[in-house]
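As provided, input_37.csv (CSV, N, CA and C atoms) reads as follows.
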```csv
chain,number,residue,atom,x,y,z
A,27,MET,N,125.3,119.9,66.6
A,27,MET,CA,124.6,120.6,65.5
A,27,MET,C,123.7,119.6,64.7
A,28,PRO,N,122.4,119.9,64.6
A,28,PRO,CA,121.5,119.0,63.9
A,28,PRO,C,121.9,118.8,62.4
A,29,GLN,N,121.7,117.6,62.0
A,29,GLN,CA,121.9,117.3,60.6
A,29,GLN,C,120.5,116.9,60.0
A,30,ARG,N,120.5,116.9,58.6
A,30,ARG,CA,119.2,116.5,58.0
A,30,ARG,C,119.5,115.0,57.5
A,31,PHE,N,118.5,114.2,57.8
A,31,PHE,CA,118.4,112.8,57.4
A,31,PHE,C,117.2,112.6,56.6
A,32,HIS,N,117.3,111.6,55.6
A,32,HIS,CA,116.2,111.3,54.8
A,32,HIS,C,115.9,109.8,54.9
A,33,PHE,N,114.7,109.4,54.7
A,33,PHE,CA,114.2,108.1,54.9
A,33,PHE,C,113.6,107.5,53.6
A,34,ARG,N,113.8,106.2,53.5
A,34,ARG,CA,113.2,105.5,52.3
A,34,ARG,C,112.7,104.2,52.8
A,35,LEU,N,111.4,104.0,52.5
A,35,LEU,CA,110.7,102.7,52.7
A,35,LEU,C,110.9,101.8,51.5
A,36,VAL,N,111.4,100.6,51.7
A,36,VAL,CA,111.7,99.8,50.5
A,36,VAL,C,111.1,98.4,50.7
A,37,SER,N,110.5,97.9,49.6
A,37,SER,CA,110.1,96.5,49.5
A,37,SER,C,110.7,96.0,48.2
A,38,PRO,N,110.6,94.7,47.9
A,38,PRO,CA,111.1,94.2,46.7
A,38,PRO,C,110.4,94.8,45.4
A,39,GLU,N,109.2,95.3,45.6
A,39,GLU,CA,108.5,95.9,44.4
A,39,GLU,C,108.5,97.4,44.3
A,40,GLU,N,108.8,98.1,45.4
A,40,GLU,CA,108.7,99.5,45.3
A,40,GLU,C,109.6,100.2,46.4
A,41,ALA,N,109.8,101.5,46.2
A,41,ALA,CA,110.4,102.3,47.2
A,41,ALA,C,109.7,103.6,47.4
A,42,ILE,N,109.5,104.1,48.6
A,42,ILE,CA,108.8,105.3,48.9
A,42,ILE,C,109.8,106.3,49.5
A,43,GLU,N,110.1,107.3,48.8
A,43,GLU,CA,111.1,108.3,49.2
A,43,GLU,C,110.5,109.4,50.1
A,44,ASP,N,111.4,109.9,51.0
A,44,ASP,CA,111.0,111.0,51.9
A,44,ASP,C,111.9,112.2,51.4
A,45,PRO,N,111.4,113.1,50.5
A,45,PRO,CA,112.2,114.1,50.0
A,45,PRO,C,112.5,115.2,51.0
A,46,ILE,N,111.7,115.3,52.1
A,46,ILE,CA,111.9,116.4,53.1
A,46,ILE,C,112.9,116.0,54.1
A,47,GLY,N,112.7,114.8,54.7
A,47,GLY,CA,113.6,114.3,55.7
A,47,GLY,C,113.3,114.9,57.1
A,48,ALA,N,114.2,114.8,58.0
A,48,ALA,CA,114.1,115.3,59.3
A,48,ALA,C,115.4,115.7,59.9
A,49,GLU,N,115.4,116.7,60.8
A,49,GLU,CA,116.7,117.1,61.4
A,49,GLU,C,116.8,116.3,62.7
A,50,ALA,N,118.0,115.8,63.0
A,50,ALA,CA,118.4,115.1,64.2
A,50,ALA,C,119.8,115.4,64.6
A,51,GLU,N,120.2,115.1,65.8
A,51,GLU,CA,121.5,115.3,66.3
A,51,GLU,C,122.5,114.3,65.7
A,52,ASP,N,122.0,113.1,65.5
A,52,ASP,CA,122.8,112.0,65.0
A,52,ASP,C,122.0,110.9,64.4
A,53,VAL,N,122.6,109.9,63.8
A,53,VAL,CA,121.8,108.9,63.1
A,53,VAL,C,121.0,108.0,64.1
A,54,GLU,N,121.4,107.9,65.3
A,54,GLU,CA,120.6,107.1,66.3
A,54,GLU,C,119.3,107.9,66.6
A,55,GLU,N,119.4,109.2,66.7
A,55,GLU,CA,118.2,109.9,67.0
A,55,GLU,C,117.3,109.9,65.7
A,56,ALA,N,117.8,110.0,64.6
A,56,ALA,CA,117.1,109.9,63.3
A,56,ALA,C,116.4,108.6,63.2
A,57,GLN,N,117.1,107.5,63.5
A,57,GLN,CA,116.5,106.2,63.5
A,57,GLN,C,115.3,106.0,64.5
A,58,ALA,N,115.5,106.5,65.7
A,58,ALA,CA,114.5,106.4,66.7
A,58,ALA,C,113.3,107.2,66.3
A,59,GLU,N,113.4,108.4,65.7
A,59,GLU,CA,112.3,109.2,65.2
A,59,GLU,C,111.6,108.4,64.1
A,60,ALA,N,112.3,107.8,63.2
A,60,ALA,CA,111.7,107.1,62.1
A,60,ALA,C,110.9,105.9,62.6
A,61,VAL,N,111.5,105.1,63.5
A,61,VAL,CA,110.8,104.0,64.1
A,61,VAL,C,109.5,104.4,64.8
A,62,ALA,N,109.6,105.5,65.5
A,62,ALA,CA,108.4,106.0,66.2
A,62,ALA,C,107.3,106.4,65.1
A,63,ALA,N,107.7,107.0,64.0
A,63,ALA,CA,106.8,107.3,63.0
A,63,ALA,C,106.2,106.1,62.3
A,64,ILE,N,106.9,105.0,62.2
A,64,ILE,CA,106.4,103.8,61.6
A,64,ILE,C,105.4,103.2,62.6
A,65,GLU,N,105.7,103.2,63.8
A,65,GLU,CA,104.7,102.6,64.8
A,65,GLU,C,103.4,103.4,64.8
A,66,GLU,N,103.5,104.8,64.6
A,66,GLU,CA,102.3,105.6,64.5
A,66,GLU,C,101.5,105.2,63.3
A,67,LEU,N,102.2,105.0,62.2
A,67,LEU,CA,101.5,104.5,60.9
A,67,LEU,C,100.8,103.2,61.2
A,68,ARG,N,101.4,102.3,61.9
A,68,ARG,CA,100.8,101.0,62.2
A,68,ARG,C,99.6,101.2,63.1
A,69,THR,N,99.7,102.1,64.1
A,69,THR,CA,98.6,102.3,65.0
A,69,THR,C,97.4,102.9,64.2
A,70,GLN,N,97.7,103.8,63.2
A,70,GLN,CA,96.6,104.4,62.4
A,70,GLN,C,96.1,103.5,61.3
A,71,GLY,N,96.7,102.3,61.2
A,71,GLY,CA,96.2,101.4,60.2
A,71,GLY,C,96.8,101.6,58.8
A,72,GLU,N,97.7,102.5,58.7
A,72,GLU,CA,98.3,102.8,57.3
A,72,GLU,C,99.4,101.9,56.9
A,73,LEU,N,99.9,101.1,57.9
A,73,LEU,CA,101.0,100.2,57.6
A,73,LEU,C,100.6,98.9,58.4
A,74,PRO,N,100.6,97.8,57.7
A,74,PRO,CA,100.2,96.5,58.3
A,74,PRO,C,101.2,96.1,59.4
A,75,GLU,N,100.7,95.4,60.4
A,75,GLU,CA,101.5,94.9,61.5
A,75,GLU,C,102.7,94.0,60.9
A,76,ASP,N,102.4,93.2,59.9
A,76,ASP,CA,103.4,92.3,59.3
A,76,ASP,C,103.8,93.0,58.0
A,77,ALA,N,104.9,93.7,58.1
A,77,ALA,CA,105.4,94.5,56.9
A,77,ALA,C,106.2,93.7,56.0
A,78,GLY,N,106.2,92.4,56.2
A,78,GLY,CA,106.9,91.4,55.3
A,78,GLY,C,108.3,91.8,55.0
A,79,GLU,N,108.6,92.0,53.8
A,79,GLU,CA,110.0,92.3,53.4
A,79,GLU,C,110.4,93.8,53.3
A,80,TRP,N,109.5,94.6,53.9
A,80,TRP,CA,109.8,96.1,53.9
A,80,TRP,C,110.9,96.4,54.9
A,81,HIS,N,111.7,97.4,54.5
A,81,HIS,CA,112.7,97.9,55.4
A,81,HIS,C,112.8,99.4,55.2
A,82,LEU,N,113.4,100.0,56.2
A,82,LEU,CA,113.6,101.5,56.2
A,82,LEU,C,115.0,101.8,56.1
A,83,GLU,N,115.4,102.7,55.2
A,83,GLU,CA,116.7,103.1,55.0
A,83,GLU,C,116.8,104.5,55.6
A,84,VAL,N,117.9,104.8,56.4
A,84,VAL,CA,118.2,106.1,56.9
A,84,VAL,C,119.4,106.6,56.1
A,85,ARG,N,119.2,107.7,55.5
A,85,ARG,CA,120.3,108.3,54.6
A,85,ARG,C,120.7,109.7,55.0
A,86,SER,N,122.0,110.0,54.7
A,86,SER,CA,122.5,111.3,55.0
A,86,SER,C,121.8,112.3,54.0
A,87,ALA,N,122.0,113.6,54.2
A,87,ALA,CA,121.5,114.6,53.3
A,87,ALA,C,122.1,114.4,51.9
A,88,SER,N,123.3,113.9,51.8
A,88,SER,CA,123.9,113.6,50.4
A,88,SER,C,123.5,112.3,49.8
A,89,GLY,N,122.7,111.5,50.5
A,89,GLY,CA,122.2,110.3,50.0
A,89,GLY,C,122.9,109.0,50.4
A,90,VAL,N,123.9,109.2,51.3
A,90,VAL,CA,124.7,108.0,51.7
A,90,VAL,C,123.8,107.2,52.7
A,91,LEU,N,123.8,105.8,52.4
A,91,LEU,CA,123.0,104.9,53.3
A,91,LEU,C,123.8,104.8,54.6
A,92,LEU,N,123.1,105.1,55.7
A,92,LEU,CA,123.7,105.0,57.1
A,92,LEU,C,123.2,103.9,57.9
A,93,ARG,N,121.9,103.5,57.7
A,93,ARG,CA,121.3,102.4,58.5
A,93,ARG,C,120.2,101.8,57.7
A,94,THR,N,119.9,100.5,58.0
A,94,THR,CA,118.8,99.8,57.4
A,94,THR,C,118.1,99.2,58.6
A,95,VAL,N,116.7,99.4,58.7
A,95,VAL,CA,116.0,98.8,59.8
A,95,VAL,C,114.9,97.9,59.2
A,96,GLN,N,114.8,96.7,59.5
A,96,GLN,CA,113.8,95.7,59.1
A,96,GLN,C,112.5,96.1,59.8
A,97,LEU,N,111.4,96.1,59.0
A,97,LEU,CA,110.1,96.4,59.6
A,97,LEU,C,109.3,95.2,60.1
A,98,ALA,N,109.7,94.0,59.7
A,98,ALA,CA,108.9,92.8,60.1
A,98,ALA,C,109.2,92.5,61.5
```
Encoded form using structure tokens:
Amino acid sequence: MPQRFHFRLVSPEEAIEDPIGAEAEDVEEAQAEAVAAIEELRTQGELPEDAGEWHLEVRSASGVLLRTVQLA
């Protein structure tokens, strides 16, 4: 049964919340979809190749941190 996951891009100076999130079967699928979206943003020039200290948080629908993915 699909679950809703939310994503948060975080740097030392700011955090960008994803209020809508995405449905996935499990946290691995949610992480894979998020990483693919980040690569698409890089391809479109909206995210630099060197994302420095940015990381992506994958959270449950209730806000529990499930995974952290470094973008550098």
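The shell of residues at most 7 Å from Asp44 (chain A), with all atoms listed in the file counted and near chain neighbours (fewer than 2 positions) removed, consists of A:His32, A:Phe33, A:Arg34, A:Leu35, A:Ile42, A:Ile46, A:Gly47.
Across the structure, atom C of Ala50 (chain A) and atom N of Gln70 (chain A) are spaced 25.0 Å apart.
Reported to one decimal place, the separation of CA of Ala98 (chain A) from CA of Glu54 (chain A) is 19.5 Å.
Here CA of Asp52 (chain A) is placed at a distance of 10.1 Å from atom C of Phe31 (chain A).
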- Query: DSSP says alpha helix (DSSP H) for which residues of chain A? Put them as an MDAnalysis selection string?
  - Reply: chainID A and resid 53:69
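With only C-alpha atoms as the basis for measurement, A:Glu55 is the residue among A:Glu66, A:Glu40, A:Glu55, A:Glu79 that approaches Pro28 (chain A) most closely.
Here the question is which of A:Leu73, A:Leu82, A:Ala63, A:Val53 gets nearest to Ser37 (chain A) using all atoms listed in the file, and that residue is A:Leu82.
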- Item | In chain A, DSSP strand (DSSP E or B) residues written as number ranges by chain | A: 29-36, 41-43, 48-50, 81-86, 91-96
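Nearest-residue note for Arg30 (chain A): choosing from A:Ala58, A:Thr69, A:Trp80, A:Arg85, the minimum distance belongs to A:Arg85, counting only N, CA and C atoms.
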- Query: Of the candidates A:Val61, A:His81, A:Val95, A:Val90, which one gets nearest to Val36 (chain A) if we count only N, CA and C atoms?
  - Reply: A:His81
- Best match for closeness to Glu51 (chain A) among A:Leu67, A:Met27, A:Pro38, A:Gln96, counting only C-alpha atoms: A:Met27
